[in-house]
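Visitor: Got a structure for you, questions after.
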Amino acid sequence: MTAKLLVADDHAIVRRGLHALLEAQAGWQVCAEAENGQAAVDLATQYRPDVAILDYSLPELNGLEATRYIRVASPGTEVLIYTMHNNEDVIRDVLKAGARGYLLKTEDDAEVVRAVQSLLRKKPYFSPQVSETLLDTFLSGDKVVASQTLSSREREVIQLVAEGKSNRDIAERWKVSIKTVESHRTAAMRKLNLRSGVELALYAVRNKLIEP
């Protein structure tokens with residue numbers, strides 16, 4: 001039986017590399033590629049892949065929120081986060097969102113194959129470096145960070161505003177009123193004690209919601 005895989009990364013060269021690596025494995029097929037988080041969600045909903053391989057720092061909808069939506073739209077799809085960020089807060093957040101694998105882009109090709117194989121067997125997978133980070137976090141005690149208090153919509157509005165989207169753009173995207181968007185934006189800024197759009201953009205960069 002053919003294993004269907006989805007690849008989402010905003011860099012075409014990364015998508016091409018993963019595509020070639022994955023399709024070199026017997027019985028694996030890359031059924032879709034996406035260059036942003038929203039496209040990843042739409043394609044996962046359409047193709048129902050066995051594994052979705054997502055960069056964390058995707059435009060429009062980052063890997064965290066894309067994971068959350070994919071797990072709802074296609075519960076049978078396992079999510080592997082493939083990223084440069086070896087950050088305990090990011091790892092914890094995507095695991096809570098439903099990802100079952102986390103792999104660093106600094107790992108070699110064999111590690112990518114092992115990760116996908118593991119998720120196809122419905123088993124979690126973490127690269128050795130990520131496992132060390134998780135162990136250190138466990139031993140030092142879990143930290144409470146401000147981002148944990150944000151709702152999914154509040155995190156999403158922070159990313160979209162930081163990417164330059166207006167309240168009207170976001171309202172049209174979500175199919176809600178501008179007032180609803182303003183409410184989410186105001187709530188997020190209040191929780192994070194931010195006073196301007198510039199501070200909000202800096203928060204998004206520091207917390208890996210967008211690339212600087």
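So you can find residues: chains in the structure tokens are A, B, ... in the order shown, residues in each start at 1, and ligands are numbered from 1 in order.
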Might you pull out every residue within 9 Å of Val94 of chain A, with only C-alpha atoms counted and same-chain residues fewer than 2 positions away left off, and present them as an MDAnalysis selection string?

Guide: chainID A and resid 56 63:65 67:68 81 89:92 96:100 102

Visitor: Identify all residues of chain A in strand (DSSP E or B) (DSSP on the backbone) and supply them as a list in words.

Guide: Ala3, Lys4, Leu5, Leu6, Val7, Ala8, Trp28, Gln29, Val30, Cys31, Ala32, Glu33, Ala34, Val51, Ala52, Ile53, Leu54, Glu78, Val79, Leu80, Ile81, Tyr82, Thr83, Gly101, Tyr102, Leu103, Leu104, Tyr125 and Phe126 of chain A

Visitor: What does the file look like for those residues with C-alpha atoms, as a short mmCIF file (atom, residue, chain, number, x, y, z; two decimals), in the first residue's frame?

Guide:
```cif
data_model
loop_
_atom_site.label_atom_id
_atom_site.label_comp_id
_atom_site.auth_asym_id
_atom_site.auth_seq_id
_atom_site.Cartn_x
_atom_site.Cartn_y
_atom_site.Cartn_z
CA ALA A 3 2.12 5.88 1.84
CA LYS A 4 0.93 9.39 0.98
CA LEU A 5 3.10 12.28 2.20
CA LEU A 6 2.63 16.04 2.22
CA VAL A 7 5.57 18.47 2.30
CA ALA A 8 5.16 22.10 3.41
CA TRP A 28 6.20 6.38 -0.63
CA GLN A 29 4.51 9.10 -2.67
CA VAL A 30 4.54 12.87 -2.16
CA CYS A 31 0.89 13.61 -2.91
CA ALA A 32 1.10 17.39 -2.36
CA GLU A 33 3.48 20.28 -1.68
CA ALA A 34 2.66 23.59 0.01
CA VAL A 51 2.21 12.05 7.18
CA ALA A 52 2.48 15.82 6.78
CA ILE A 53 5.99 17.24 7.04
CA LEU A 54 5.75 20.90 8.05
CA GLU A 78 0.50 12.34 11.54
CA VAL A 79 2.47 15.60 11.65
CA LEU A 80 6.26 15.86 11.59
CA ILE A 81 7.69 19.31 12.32
CA TYR A 82 10.88 19.83 10.29
CA THR A 83 12.61 23.01 11.41
CA GLY A 101 7.41 14.07 15.45
CA TYR A 102 10.01 16.84 15.63
CA LEU A 103 13.14 16.90 13.50
CA LEU A 104 15.85 19.50 12.98
CA TYR A 125 9.81 10.37 16.71
CA PHE A 126 12.28 12.96 18.00
#
```

Visitor: Contacts of Ala204 of chain A at 7 Å or less, counting only C-alpha atoms, minus same-chain residues fewer than 5 places along, as a list in words?

Guide: Ile158, Gln159, Ala162, Leu209 and Ile210 of chain A

Visitor: Skip Arg185 of chain A itself and residues of its chain fewer than 4 positions away, then list as a PyMOL selection string all residues within 10 Å of it, counting only C-alpha atoms.

Guide: chain A and resi 153-158+161+167+179-181+189-190+197+200

Visitor: Please, could you write that set of residues out with N, CA and C atoms as a compact mmCIF listing (two decimals), in the first residue's frame?

Guide:
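The resulting selection-v5.txt:
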```
# COMPACT_ATOMS: atom_id res chain seq x y z
N ARG A 153 -6.62 31.58 18.04
CA ARG A 153 -6.92 32.74 17.20
C ARG A 153 -6.01 33.92 17.54
N GLU A 154 -5.68 34.10 18.82
CA GLU A 154 -4.81 35.20 19.23
C GLU A 154 -3.40 35.01 18.69
N ARG A 155 -2.89 33.78 18.72
CA ARG A 155 -1.57 33.52 18.13
C ARG A 155 -1.60 33.76 16.63
N GLU A 156 -2.69 33.33 16.00
CA GLU A 156 -2.80 33.47 14.56
C GLU A 156 -2.87 34.95 14.16
N VAL A 157 -3.62 35.75 14.91
CA VAL A 157 -3.74 37.16 14.56
C VAL A 157 -2.41 37.87 14.75
N ILE A 158 -1.62 37.48 15.75
CA ILE A 158 -0.29 38.05 15.94
C ILE A 158 0.58 37.79 14.72
N VAL A 161 -0.79 39.87 11.61
CA VAL A 161 -0.50 41.31 11.75
C VAL A 161 0.98 41.56 11.54
N ASN A 167 -6.50 44.47 9.54
CA ASN A 167 -7.66 43.84 10.19
C ASN A 167 -8.69 43.41 9.15
N LYS A 179 -14.63 43.76 13.63
CA LYS A 179 -14.73 43.92 15.08
C LYS A 179 -14.24 42.67 15.81
N THR A 180 -14.54 41.50 15.26
CA THR A 180 -14.08 40.25 15.87
C THR A 180 -12.56 40.16 15.83
N VAL A 181 -11.98 40.54 14.69
CA VAL A 181 -10.51 40.54 14.56
C VAL A 181 -9.89 41.51 15.56
N MET A 189 -2.75 41.54 22.69
CA MET A 189 -1.83 42.60 23.10
C MET A 189 -1.94 42.87 24.60
N ARG A 190 -3.16 42.77 25.11
CA ARG A 190 -3.34 42.98 26.55
C ARG A 190 -2.65 41.88 27.36
N GLY A 197 1.84 47.98 17.21
CA GLY A 197 2.06 46.97 16.19
C GLY A 197 3.53 46.59 16.07
N LEU A 200 4.28 44.15 18.75
CA LEU A 200 3.66 42.88 18.39
C LEU A 200 4.51 42.13 17.37
```

Visitor: With only C-alpha atoms as the atoms that count, which of A:Asp55, A:Glu60, A:Glu35, A:Asp50 lies nearest to Lys105 of chain A?

Guide: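 When distances to Lys105 of chain A are compared using only C-alpha atoms, the smallest one comes from A:Asp55.
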
Visitor: Rounded to one decimal in Å, what is the spacing between atom CA of Leu61 of chain A and atom CA of Ser196 of chain A?

Guide: 21.5 Å

Visitor: Between A:Gln129, A:Ser152, A:Glu182, A:His11, which has the minimum distance to Ser166 of chain A (counting only C-alpha atoms)?

Guide: A:Glu182

Visitor: For atom CA of Thr149 of chain A and atom CA of Ser183 of chain A, quote the distance in Å rounded to one decimal.

Guide: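 According to the coordinates, atom CA of Thr149 of chain A and atom CA of Ser183 of chain A are separated by 15.6 Å.
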
Visitor: Between atom CA of Thr2 of chain A and atom CA of Val72 of chain A, measure the distance and give it in Å to one decimal.

Guide: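 Distance between the two atoms: 23.0 Å.
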
Visitor: With DSSP run on the backbone, what are the helix (DSSP H, G or I) residues within chain A? I'd like them as an MDAnalysis selection string.

Guide: chainID A and resid 12:23 37:47 63:73 88:97 109:120 128:140 146:149 152:162 167:174 178:192 197:206
